[in-house]
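Student: Dropping a structure here in structure tokens format, bear with me for questions.
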Amino acid sequence: MSASTTHNPGHRRTWLQIAIYGAVCLTIFLVPTILDNDFLLNKYSRYLVFGILAIALSLSWGYCGILNLGQAASFGLGCYCMAMALKLRTVPVHTGDDGLPDFMVWNNVTELPWFWVPFHSLPFALFAGIAVPTVLAALVGWFMFRARITGVYVAIITLASLVVVNLLIIDQQRYTGGFNGITDLAQLELFGLTFDAYSRNSYYLVASVLAACLFAALAITKSKTGLILQAIRDHEDRVRYFGYDVAHYKIFAFSASAAIAGIAGMLYTIVMEFASPTFLDVPLSLSVVIWCAVGGRQSLLGAALGAIVVTGTQGALSDSGIFLQSWTLLMGMIFVASVLFLPKGLAGLAELAGERLRRLGRDTPPPVKTDVLGPVREGEGLA
Amino acid sequence: MDFVLQQLFTGLSIGSILLLVALGLWIVYGTMGVINLAHGEFVMLGAYTAWVLQSVFQVGLFASLVVIFFVVAFLGWIMERGVIRYLYRRPLDTILATWGLGVITQQVVRLLAGGELRYVEMPSLLAHSTTILGVELSVYRIFIFVVVAGLLALTWYLMQRTAIGMKLRAVLQDREVASCFGINADRIYALTFAYGAGLAGLAGALVSPLKSVSPEMGTTYVVDAFMVVVLGGVETLMGTVLSAFLLGELTGFIAYLQNDTVAKALVLVAIIVLIRFRPQGLFASQVRA
Amino acid sequence: MTGYLALDEVSVSFDGFRAVDGLSFSVEEGELRCLIGPNGAGKSTALDMICGKVRPTAGTIFLQGRALNRLEEHEIARAGIGRKFQVPSVFRELTVRQNLDVAHSRQVGVWANIARFGHHADRDGLEKLAELVGLEDRLEVPAGHLSHGQTQWLEIAMLVAQDPRVILMDEPTAGMTVQETRKTADLFNRLKGKHTLIVVEHDMGFIKEIGDVISVMHQGRLLAEGSVGEIEQHAEVRAAYLGSGGISGA
């Protein structure tokens with residue numbers, strides 16, 4: 001038996017990965033212990049939410065080659081589901097307990113629309129925040145991937161779908177608050193805890209969900225399903241001839257990604273304390289692509305860190321116009337360079353550096369077998 | 001009746017500008033498989049060049065046109081040599097890289113010229129209106145229409161009747177074989193790209209008196225022009241022309257509607273469905289195996 | 001139509017050109033059938049139609065009496081047909097081990113595979129298989145880094161891992177050295193019986209080592225069928241090949 005059974009580098013790599021992922025999550029959890037500033041914690045929670053959004057895109061784009069330019073649609077629908085639930089928990093100024101949300105009153109709506117009613121239940125809202133984006137993505141995915149739409153056309157269709165959702169939300173001002181979005185929300189109360197946007201509770205909530213999403217996505221990519229997704233990214237047609245239904249796998253990756261984006265959206269409403277059409281607009285959707293490309297789309301952690309670092313720097317520089325402009329310029333350049341020469345982003349660079357270090361630590365290079373074919377032994381059964 | 005004609009002319013006017021922007025996009029996409037999302041930035045650069053020539057050098061729009069074409073074509077040439085040429089036959093990456101280039105270009109312009117709106121004056125000769133078929137029309141819009149028709153004819157002539165057009169078509173069919181016959185494919189690509197950029201620059205210059213000039217102005221144009229190319233298909237020039245005017249009329253009609261948000265959404269849904277069922281475009285004659 | 005795998009008057013045309021024109025032949029279970037013919041005879045297209053890559057415009061393809069040509073590619077693969085392509089088609093970004101793992105497709109569903117991680121019991125089999133084709137030291141190497149010959153072997157090993165009832169091989173020895181070709185012949189002789197094979201080849205030496213019955217295609221039709229000896233003496237076959245440079249040069 002070959003030596004690799006007992007000493008499989010693939011498994012060692014997986015454990016190393018789990019260790020690094022765990023260390024990063026731990027670091028994120030430790031931030032509040034050294035930082036006693038609720039305002040900054042709120043800012044950091046926002047960046048972490050974007051990290052979750054980047055994980056979602058990495059799963060579909062990095063692992064399955066589906067360039068989803070409409071990721072913000074799933075995110076925004078999650079935002080609105082949470083906002084609707086929290087809006088119904090505030091006491092309206094004009095109509096009192098159990099009354100209509102204020103913007104509906106301003107728009108002469110007299111009765112709570114039917115699709116708002118179930119959002120009185122918080123569990124339903126939490127369910128909807130995941131289910132609505134997932135089902136929508138599954139439908140769009142079914143529509144595209146059954147017809148074997150690939151590459152550029154997927155990018156166009158997802159982008160156009162996003163714009164459609166965005167236009168409809170803005171247009172239906174009576175039910176969605178239009179341009180202004182849904183504001184003046186109650187605080188989320190769950191398991192006896194109150195999640196004030198400017199509190200440690202919210203930060204820990206976001207950090208825990210980030211860790212959960214990171215490891216859930218890692219589990220998917222490490223499963224055989226994840227392997228087949230990567231095979232599809234590499235050579236879609238070949239996968240079919242092994243009996244896999246490529247459309248099923250792509251719909252799965254697309255919807256799973258939407259579910260994670262929906263979760264991120266719900267968290268974003270909690271830390272921002274409102275929902276707005278800008279949470280599902282084109283610029284945000286394209287930003288997610290930048291974060292993933294810079295951080296490394298083929299690494300879940302790379303994508304998440306890419307989002308956190310890029311938005312973090314942006315936030316730090318936002319006070320100064322000229323710095324922010326130059327930063328955007330620099331970001332554009334790094335982005336173009338990473339598309340051209342660094343398809344694995346900064347995570348790819350880190351991996352390369354790690355490889356180098358490991359090779360330096362070893363004295364002799366591994367023996368390379370020159371015999372191309374090796375012996376075909378008689379009597380050995382075929383697998 | 002007058003009203004219908006008025007609408008029709010508005011659509012033609014929108015369509016002709018759309019066509020000028022889409023023409024360059026179509027050439028580059030149809031010939032090199034590059035979806036150039038930075039194409040809108042050439043429109044913007046053309047408009048800014050017009051503004052610089054007018055406000056700094058006191059040159060009128062008429063006299064500027066040729067200069068603008070070459071300035072923007074040169075910028076396009078630089079972009080092709082610097083970035084785009086690494087992206088041939090990687091369509092998905094071209095979307096991202098060219099969009100990144102667009103962001104960079106916008107930022108550079110914003111840093112150099114400032115983010116505020118700029119205005120370009122209409123040539124006084126054309127700044128009045130005339131009446132055709134009982135409909136009052138801006139002479140300047142008619143001028144744009146004529147220029148676009150001329151450029152369209154020129155493009156067709158360049159592609160079909162000149163040595164360089166023939167070489168381009170040869171490179172398109174088979175780059176390797178064309179190279180064996182001594183055609184410098186790199187040079188052909190660079191020139192084609194520059195030509196497309198120059199056309200977009202002209203479009204920007206021509207619309208600059210009608211609209212304000214800003215670093216973001218290219219974005220809407222590239223989206224609409226891209227729709228034109230998707231709708232028209234990459235196979236024929238005629239498809240692009242037809243779809244430009246179809247979308248122009250449609251845009252004019254939507255602008256007239258009470259609820260244009262829903263109309264816009266419907267147009268997008270129609271385009272999604274079109275891509276799903278006819279990815280080769282509405283006017284393509286054949287389906288490639 | 002009788003036979004394990006049977007083509008019944010199958011035709012396909014591209015833009016009016018009939019690449020395959022009323023092709024009929026059948027293969028028995030466990031047989032190794034060689035398919036030869038001059039360039040452009042429609043051999044690869046015939047394989048394309050069996051595996052679903054190309055849909056026939058007329059005629060029917062049966063596997064054990066079940067019509068295949070209304071099925072999608074993955075359904076045909078599940079019905080028991082595996083294909084090795086003329087240009088070796090492997091997953092270049094994945095490692096050799098991952099390639100074999102993808103090919104090993106007992107479970108094809110998304111949900112069936114989501115809870116399956118690297119530790120399943122079939123792993124030993126895949127490593128034995130890599131050993132069989134001399135790739136046991138290259139298991140962790142991305143397939144894109146393999147030499148041409150190794151890539152050919154990897155794809156053959158992937159088909160063995162897939163373990164389909166019918167294996168379609170399109171020019172498996174192209175680009176291989178004489179020794180490599182001989183080893184391939186050994187392997188094929190061992191696959192014969194357990195699997196039904198259709199092998200498209202040009203190398204007559206290789207065909208002599210593995211083939212029992214040879215089908216000759218010419219201009220989209222079946223020209224002749226018989227043993228190696230019969231085919232070599234067949235007047236029409238000789239004429240067809242001489243038209244394009246002789247039987248050895250094709």
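Chains: A, B, ... in order of the structure tokens. Residues: from 1 per chain. Ligands: from 1, in order shown.
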Return as a list of chain:residue names the residues belonging to chain C that are within 6 Å of chain A, counting only C-alpha atoms.
Tutor: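 On the chain C side, the interface is C:Glu73, C:His74, C:Ala77, C:Arg78, C:Phe91, C:Ala103, C:Val108, C:Val110, C:Asn113, C:Ile114, C:Arg116, C:Phe117, C:Gly125, C:Leu132, C:Val133, C:Gly134.
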Student: Restrict the calculation to only C-alpha atoms, then for each residue of chain A with any atom at most 6 Å from an atom of chain B give the closest atom pair and their distance in Å to one decimal, rows by chain and rising residue number, as a tab-separated table.
Tutor:
residue	atom	partner	partner_atom	distance
A:Gly151	CA	B:Leu92	CA	6.0
A:Val152	CA	B:Leu92	CA	5.5
A:Ile157	CA	B:Ile272	CA	5.6
A:Val164	CA	B:Ala265	CA	5.0
A:Leu329	CA	B:Ile104	CA	5.3
A:Gly332	CA	B:Gly100	CA	5.2
A:Val336	CA	B:Ala97	CA	4.9
Student: Print the selection's residues with N, CA and C atoms to a file, as a short mmCIF file (atom, residue, chain, number, x, y, z; two decimals), in the first residue's frame.
Tutor:
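Result file is selection_0.cif:
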data_model
loop_
_atom_site.label_atom_id
_atom_site.label_comp_id
_atom_site.auth_asym_id
_atom_site.auth_seq_id
_atom_site.Cartn_x
_atom_site.Cartn_y
_atom_site.Cartn_z
N GLY A 151 -21.14 31.71 -17.73
CA GLY A 151 -20.19 32.82 -17.87
C GLY A 151 -20.82 34.19 -17.85
N VAL A 152 -20.52 34.93 -18.91
CA VAL A 152 -20.92 36.32 -19.00
C VAL A 152 -22.43 36.48 -18.87
N ILE A 157 -27.54 38.33 -16.34
CA ILE A 157 -28.88 38.01 -15.82
C ILE A 157 -28.97 38.33 -14.33
N VAL A 164 -33.98 44.81 -11.21
CA VAL A 164 -35.44 44.66 -11.19
C VAL A 164 -35.96 44.68 -9.75
N LEU A 329 -9.04 54.72 -5.89
CA LEU A 329 -8.17 54.55 -7.06
C LEU A 329 -7.24 53.36 -6.85
N GLY A 332 -9.10 50.11 -7.10
CA GLY A 332 -9.35 49.77 -8.50
C GLY A 332 -8.13 49.12 -9.12
N VAL A 336 -7.85 45.33 -10.53
CA VAL A 336 -7.50 44.97 -11.92
C VAL A 336 -6.29 44.04 -11.92
#
Student: Tell me, as number ranges by chain, which residues lie within 12 Å of Asp102 of chain A, counting only C-alpha atoms; anything in the same chain fewer than 6 positions away does not count.
Tutor: A: 87-88, 90-96, 108-110, 112, 174-177, 181-185
Student: Please identify the helix (DSSP H, G or I) residues within segment 75-193 of chain A (assignment by DSSP from backbone atoms) and present them as a PyMOL selection string.
Tutor: chain A and resi 75-88+102-106+117-120+122-145+151-171+173-176+178-180
Student: Compile the contact shell of Gly115 of chain B as a PyMOL selection string: residues with an atom at most 12 Å away, counting only C-alpha atoms, same-chain residues fewer than 3 positions apart removed.
Tutor: (chain A and resi 321-322+325) or (chain B and resi 48+106-112+118+212-217)
Student: Any chance you could export the current selection's N, CA and C atoms as a PDB file, in the first residue's frame?
Tutor:
ATOM      1  N   GLY A 321     -11.775  63.435   2.227  1.00  0.00           N
ATOM      2  CA  GLY A 321     -12.201  63.236   0.847  1.00  0.00           C
ATOM      3  C   GLY A 321     -11.078  62.770  -0.055  1.00  0.00           C
ATOM      4  N   ILE A 322      -9.951  63.461   0.015  1.00  0.00           N
ATOM      5  CA  ILE A 322      -8.865  63.178  -0.922  1.00  0.00           C
ATOM      6  C   ILE A 322      -8.281  61.800  -0.664  1.00  0.00           C
ATOM      7  N   GLN A 325     -10.669  59.162  -2.004  1.00  0.00           N
ATOM      8  CA  GLN A 325     -10.605  59.099  -3.467  1.00  0.00           C
ATOM      9  C   GLN A 325      -9.375  58.313  -3.910  1.00  0.00           C
TER      10      GLN A 325
ATOM     11  N   TYR B  48     -15.173  65.162 -21.588  1.00  0.00           N
ATOM     12  CA  TYR B  48     -14.212  65.999 -20.860  1.00  0.00           C
ATOM     13  C   TYR B  48     -13.197  66.643 -21.804  1.00  0.00           C
ATOM     14  N   GLN B 106     -12.528  56.856 -13.772  1.00  0.00           N
ATOM     15  CA  GLN B 106     -13.403  57.836 -13.115  1.00  0.00           C
ATOM     16  C   GLN B 106     -12.678  58.549 -11.979  1.00  0.00           C
ATOM     17  N   GLN B 107     -11.942  57.783 -11.188  1.00  0.00           N
ATOM     18  CA  GLN B 107     -11.230  58.385 -10.055  1.00  0.00           C
ATOM     19  C   GLN B 107     -10.175  59.375 -10.536  1.00  0.00           C
ATOM     20  N   VAL B 108      -9.437  58.972 -11.590  1.00  0.00           N
ATOM     21  CA  VAL B 108      -8.394  59.860 -12.098  1.00  0.00           C
ATOM     22  C   VAL B 108      -9.017  61.177 -12.557  1.00  0.00           C
ATOM     23  N   VAL B 109     -10.123  61.065 -13.313  1.00  0.00           N
ATOM     24  CA  VAL B 109     -10.783  62.274 -13.797  1.00  0.00           C
ATOM     25  C   VAL B 109     -11.279  63.113 -12.616  1.00  0.00           C
ATOM     26  N   ARG B 110     -11.848  62.435 -11.599  1.00  0.00           N
ATOM     27  CA  ARG B 110     -12.369  63.141 -10.438  1.00  0.00           C
ATOM     28  C   ARG B 110     -11.239  63.883  -9.718  1.00  0.00           C
ATOM     29  N   LEU B 111     -10.086  63.233  -9.621  1.00  0.00           N
ATOM     30  CA  LEU B 111      -8.951  63.867  -8.943  1.00  0.00           C
ATOM     31  C   LEU B 111      -8.389  65.022  -9.768  1.00  0.00           C
ATOM     32  N   LEU B 112      -8.411  64.870 -11.100  1.00  0.00           N
ATOM     33  CA  LEU B 112      -7.812  65.898 -11.959  1.00  0.00           C
ATOM     34  C   LEU B 112      -8.760  67.067 -12.201  1.00  0.00           C
ATOM     35  N   ARG B 118     -19.800  69.788 -15.305  1.00  0.00           N
ATOM     36  CA  ARG B 118     -19.234  70.732 -16.278  1.00  0.00           C
ATOM     37  C   ARG B 118     -20.197  70.873 -17.445  1.00  0.00           C
ATOM     38  N   SER B 212     -25.091  67.434 -18.846  1.00  0.00           N
ATOM     39  CA  SER B 212     -23.943  67.926 -18.101  1.00  0.00           C
ATOM     40  C   SER B 212     -22.852  66.847 -18.105  1.00  0.00           C
ATOM     41  N   VAL B 213     -21.599  67.309 -17.958  1.00  0.00           N
ATOM     42  CA  VAL B 213     -20.450  66.411 -18.005  1.00  0.00           C
ATOM     43  C   VAL B 213     -20.007  66.094 -16.584  1.00  0.00           C
ATOM     44  N   SER B 214     -19.932  64.802 -16.261  1.00  0.00           N
ATOM     45  CA  SER B 214     -19.499  64.417 -14.918  1.00  0.00           C
ATOM     46  C   SER B 214     -18.712  63.120 -15.002  1.00  0.00           C
ATOM     47  N   PRO B 215     -17.919  62.798 -13.987  1.00  0.00           N
ATOM     48  CA  PRO B 215     -17.121  61.570 -14.058  1.00  0.00           C
ATOM     49  C   PRO B 215     -17.973  60.307 -14.160  1.00  0.00           C
ATOM     50  N   GLU B 216     -19.220  60.349 -13.673  1.00  0.00           N
ATOM     51  CA  GLU B 216     -20.038  59.131 -13.660  1.00  0.00           C
ATOM     52  C   GLU B 216     -20.882  58.989 -14.917  1.00  0.00           C
ATOM     53  N   MET B 217     -20.820  59.965 -15.825  1.00  0.00           N
ATOM     54  CA  MET B 217     -21.788  59.980 -16.923  1.00  0.00           C
ATOM     55  C   MET B 217     -21.701  58.744 -17.819  1.00  0.00           C
TER      56      MET B 217
END
Student: With a distance threshold of 12 Å and counting only C-alpha atoms, extract the residues of chain C near chain B and express them as a list in words.
Tutor: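 In the required form, that comes to Ser13, Phe14, Asp15, Lys53, Val54 and Arg55 of chain C.
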Student: Which neighbours of Ile132 of chain B fall inside 12 Å, counting only C-alpha atoms, when residues of the same chain fewer than 2 positions from it are skipped, and could you give them as a PDB file with C-alpha atoms, in the first residue's frame?
Tutor:
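Result file is out_29.pdb:
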ATOM      1  CA  ASP B   2     -47.910  65.143 -34.396  1.00  0.00           C
ATOM      2  CA  LEU B   5     -44.106  61.749 -34.853  1.00  0.00           C
ATOM      3  CA  GLN B   6     -42.598  63.712 -31.988  1.00  0.00           C
ATOM      4  CA  PHE B   9     -38.128  61.505 -33.583  1.00  0.00           C
ATOM      5  CA  SER B 129     -34.834  74.375 -34.008  1.00  0.00           C
ATOM      6  CA  THR B 130     -36.621  73.701 -37.274  1.00  0.00           C
ATOM      7  CA  GLY B 134     -45.161  69.722 -38.601  1.00  0.00           C
ATOM      8  CA  VAL B 135     -42.924  68.680 -35.736  1.00  0.00           C
ATOM      9  CA  GLU B 136     -40.480  71.067 -34.137  1.00  0.00           C
ATOM     10  CA  LEU B 137     -36.996  69.536 -33.977  1.00  0.00           C
ATOM     11  CA  SER B 138     -33.653  70.646 -32.615  1.00  0.00           C
ATOM     12  CA  VAL B 139     -31.167  71.184 -35.441  1.00  0.00           C
ATOM     13  CA  ILE B 142     -30.538  66.285 -36.531  1.00  0.00           C
TER      14      ILE B 142
END
Student: I want to know what sits within 8 Å of segment 199-208 of chain C, based on only C-alpha atoms, with residues of the same chain fewer than 2 positions away left out; could you give that as a list in words?
Tutor: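 With the cut-off at 8 Å, the set is Leu32, Arg33, Cys34, Leu35, Ile36, Gly37, Lys43, Ser44, Leu168, Met169, Asp170, Glu171, Pro172, Thr173, Thr181, Arg182, Ala185, Leu197, Ile210, Gly211, Val228, Ser248 and Ala250 of chain C.
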Student: Select, from B:Leu20, B:Val71, B:Cys180, B:Ile27, the residue with the minimum atom-to-atom distance to Gly165 of chain B, counting only C-alpha atoms.
Tutor: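 Closest candidate: B:Ile27.
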Student: Which polymer residues have any atom within 7 Å of an atom of Leu63 of chain C, counting only C-alpha atoms, with same-chain residues fewer than 3 positions away left out, as a ChimeraX atom specification?
Tutor: /C:4-6,66-68
Student: Generate the output file for the selected residues, C-alpha atoms, as a short mmCIF file (atom, residue, chain, number, x, y, z; two decimals), in the first residue's frame.
Tutor:
data_model
loop_
_atom_site.label_atom_id
_atom_site.label_comp_id
_atom_site.auth_asym_id
_atom_site.auth_seq_id
_atom_site.Cartn_x
_atom_site.Cartn_y
_atom_site.Cartn_z
CA TYR C 4 -26.26 -4.92 -25.76
CA LEU C 5 -25.57 -1.52 -27.27
CA ALA C 6 -27.16 -0.90 -30.63
CA ARG C 66 -33.62 1.25 -23.65
CA ALA C 67 -33.55 4.23 -26.01
CA LEU C 68 -30.85 6.73 -25.02
#
Student: Can you work out which one of A:Cys81, A:Ala197, A:Leu346, A:Ala337 has the shortest atom-to-atom distance to Val309 of chain A, counting only C-alpha atoms?
Tutor: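 Nearest candidate to Val309 of chain A out of A:Cys81, A:Ala197, A:Leu346, A:Ala337: A:Leu346.
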Student: DSSP on the backbone, then: every residue of segment 79-311 of chain A marked strand (DSSP E), written as an MDAnalysis selection string.
Tutor: chainID A and resid 188:190 193:195
Student: Please report the interatomic distance between atom CA of Phe62 of chain C and atom CA of Pro38 of chain C in Å with one decimal.
Tutor: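 Between atom CA of Phe62 of chain C and atom CA of Pro38 of chain C the gap is 25.7 Å.
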Student: What gap, in Å, lies between atom CA of Ala224 of chain C and atom CA of Leu23 of chain C?
Tutor: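 If I compute the distance from atom CA of Ala224 of chain C to atom CA of Leu23 of chain C, I get 11.6 Å.
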